[in-house]
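Worksheet for the structure shown next.
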Amino acid sequence: METLDEKFMRRALELAREAEAAGEVPVGAVIVKDGEIVAEGWNRPISTNDPSAHAEMVALRAAGVALGTYRLLDTTLYVTLEPCPMCAGAMVHARVKRLVYGATDPRAGASGTVFNITQHPALNHRLECAGGVLAEECGTMLRDFFAARR
């Protein structure tokens with residue numbers, strides 16, 4: 001039986017496919033509050049000429065608008081790839097309660113792989129983190145994307 005984490009990660013994977021169809025690196029993100037999706041995003045830096053338009057940042061901005069606040073208390077952010085330092089920092093500032101990610105990022109992962117911004121003791125907020133949810137599917141999508149580009 002599928003868990004809630006898997007259900008929402010599957011939606012993030014669908015969004016990653018949207019990014020891929022647009023020529024972007026296939027990463028998707030979903031923000032959930034009280035069991036309901038309140039915001040979604042996928043990578044858009046190429047199409048928007050915005051280096052900060054990562055899936056998580058797009059979703060965080062949309063959640064702020066949807067919830068009418070920049071404090072995203074009691075939310076869970078699902079993303080297909082472990083967040084980079086920029087996105088992890090934004091999650092800390094937004095006070096996201098929980099992060100669930102699929103594939104680890106051995107080059108820039110900021111939730112324990114390279115850095116641990118999401119749980120750093122010097123920061124004023126730490127997220128609960130769960131990695132590896134549908135990791136094989138998430139990782140395969142990214143590997144296939146980059147293999148096709150070479």
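Residue numbering restarts at 1 for every chain of the structure tokens, chains are lettered A, B, ... in their displayed order, and ligands are numbered from 1 as they appear.
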**Prompt:** Got a sec to tell me which of stretch 17-142 of chain A DSSP assigns to helix (DSSP H, G or I), as JSON, numbers by chain?
**Reply:** {"A": [17, 18, 19, 20, 21, 45, 46, 47, 48, 55, 56, 57, 58, 59, 60, 61, 62, 63, 64, 65, 66, 67, 85, 86, 87, 88, 89, 90, 91, 92, 93, 94, 117, 118, 119, 135, 136, 137, 138, 139, 140, 141, 142]}
**Item:** DSSP-assigned strand (DSSP E) among stretch 35-70 of chain A, expressed as a PyMOL selection string
**Value:** chain A and resi 36-42
**Residue contacts of A:Leu81 (8 Å, only C-alpha atoms) excluding same-chain residues fewer than 3 positions away, as a ChimeraX atom specification** = /A:27,101-105,138-139
Fewer than 5 positions away in the same chain doesn't count, so skip those; otherwise give me all residues within 8 Å of A:Ala55, counting only C-alpha atoms, as a PDB file with C-alpha atoms, in the first residue's frame.
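Okay, this is what ended up in around_1.pdb:
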```pdb
ATOM      1  CA  VAL A  27      12.918  18.383 -10.542  1.00  0.00           C
ATOM      2  CA  GLY A  28       9.453  18.817  -9.077  1.00  0.00           C
ATOM      3  CA  ALA A  29       8.233  19.998  -5.677  1.00  0.00           C
ATOM      4  CA  GLU A  40       3.551  23.097  -6.541  1.00  0.00           C
ATOM      5  CA  GLY A  41       6.603  23.939  -8.581  1.00  0.00           C
ATOM      6  CA  TRP A  42       9.088  22.584 -11.054  1.00  0.00           C
ATOM      7  CA  ASN A  43      12.458  23.792 -12.243  1.00  0.00           C
ATOM      8  CA  ARG A  44      12.212  26.935 -14.387  1.00  0.00           C
ATOM      9  CA  VAL A  79      10.989  17.328  -3.791  1.00  0.00           C
TER      10      VAL A  79
END
```
**Asked** Between A:Lys7, A:Leu77, A:Asp50, A:Glu24, which is the closest to A:Val38 once you count only C-alpha atoms?
**Response** A:Leu77
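Separating atom CA of A:Leu4 from atom CA of A:Glu136 is a distance of 17.5 Å.
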**Request:** Could you check which of A:Glu20, A:Asp144, A:Asp5, A:Asp34 is closest to A:Ala130, using only C-alpha atoms?
**Result:** A:Asp5
**Asked** Closest to A:Glu128 among A:Lys97, A:Ala62, A:Ala21, A:Glu56, using only C-alpha atoms?
**Response** A:Lys97
**Non-local contacts of stretch 93-96 of chain A (12 Å; only C-alpha atoms; under 2 positions in same chain excluded) as a PyMOL selection string** = chain A and resi 31-33+56-57+59-61+63-64+69-78+86-91+98-100+117-119+123-129
Selection above as a file: C-alpha atoms, as a PDB file, in the first residue's frame:
```pdb
ATOM      1  CA  ILE A  31       4.061  21.644  -0.485  1.00  0.00           C
ATOM      2  CA  VAL A  32       1.442  20.004   1.715  1.00  0.00           C
ATOM      3  CA  LYS A  33      -0.424  21.362   4.733  1.00  0.00           C
ATOM      4  CA  GLU A  56      11.450  24.311  -4.315  1.00  0.00           C
ATOM      5  CA  MET A  57      11.697  28.092  -4.642  1.00  0.00           C
ATOM      6  CA  ALA A  59       6.709  26.075  -4.689  1.00  0.00           C
ATOM      7  CA  LEU A  60       7.718  28.141  -1.630  1.00  0.00           C
ATOM      8  CA  ARG A  61       6.677  31.371  -3.356  1.00  0.00           C
ATOM      9  CA  ALA A  63       2.712  28.516  -0.893  1.00  0.00           C
ATOM     10  CA  GLY A  64       3.343  31.950   0.605  1.00  0.00           C
ATOM     11  CA  THR A  69       2.090  34.272   4.916  1.00  0.00           C
ATOM     12  CA  TYR A  70       5.812  33.796   4.477  1.00  0.00           C
ATOM     13  CA  ARG A  71       5.906  31.526   7.538  1.00  0.00           C
ATOM     14  CA  LEU A  72       5.014  28.112   6.169  1.00  0.00           C
ATOM     15  CA  LEU A  73       4.473  26.532   9.565  1.00  0.00           C
ATOM     16  CA  ASP A  74       3.276  22.929   9.731  1.00  0.00           C
ATOM     17  CA  THR A  75       3.998  22.282   6.055  1.00  0.00           C
ATOM     18  CA  THR A  76       5.876  19.461   4.366  1.00  0.00           C
ATOM     19  CA  LEU A  77       7.883  20.070   1.221  1.00  0.00           C
ATOM     20  CA  TYR A  78       8.294  17.090  -1.124  1.00  0.00           C
ATOM     21  CA  MET A  86      19.829  28.098  -1.638  1.00  0.00           C
ATOM     22  CA  CYS A  87      16.633  26.074  -1.410  1.00  0.00           C
ATOM     23  CA  ALA A  88      17.523  24.560   1.970  1.00  0.00           C
ATOM     24  CA  GLY A  89      18.176  28.047   3.351  1.00  0.00           C
ATOM     25  CA  ALA A  90      14.843  29.285   2.049  1.00  0.00           C
ATOM     26  CA  MET A  91      13.070  26.357   3.721  1.00  0.00           C
ATOM     27  CA  ARG A  98       9.340  18.718   7.249  1.00  0.00           C
ATOM     28  CA  LEU A  99      11.324  17.944   4.115  1.00  0.00           C
ATOM     29  CA  VAL A 100      10.891  14.739   2.119  1.00  0.00           C
ATOM     30  CA  ILE A 117      21.649  23.326   6.276  1.00  0.00           C
ATOM     31  CA  THR A 118      18.194  21.920   7.020  1.00  0.00           C
ATOM     32  CA  GLN A 119      19.332  20.686  10.438  1.00  0.00           C
ATOM     33  CA  LEU A 123      20.379  28.184  12.598  1.00  0.00           C
ATOM     34  CA  ASN A 124      17.181  29.258  14.327  1.00  0.00           C
ATOM     35  CA  HIS A 125      15.030  26.525  12.749  1.00  0.00           C
ATOM     36  CA  ARG A 126      15.593  22.907  11.813  1.00  0.00           C
ATOM     37  CA  LEU A 127      13.451  20.709   9.589  1.00  0.00           C
ATOM     38  CA  GLU A 128      12.502  17.108  10.098  1.00  0.00           C
ATOM     39  CA  CYS A 129      14.022  15.316   7.084  1.00  0.00           C
TER      40      CYS A 129
END
```
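For the set A:Thr3, A:Thr113, A:Thr80, A:Thr140, the residue with the smallest atom-to-atom gap to A:Ala19 is A:Thr80, counting only C-alpha atoms.
One distance worth recording is that between atom CA of A:Gly109 and atom CA of A:Gly131, which is 11.0 Å.
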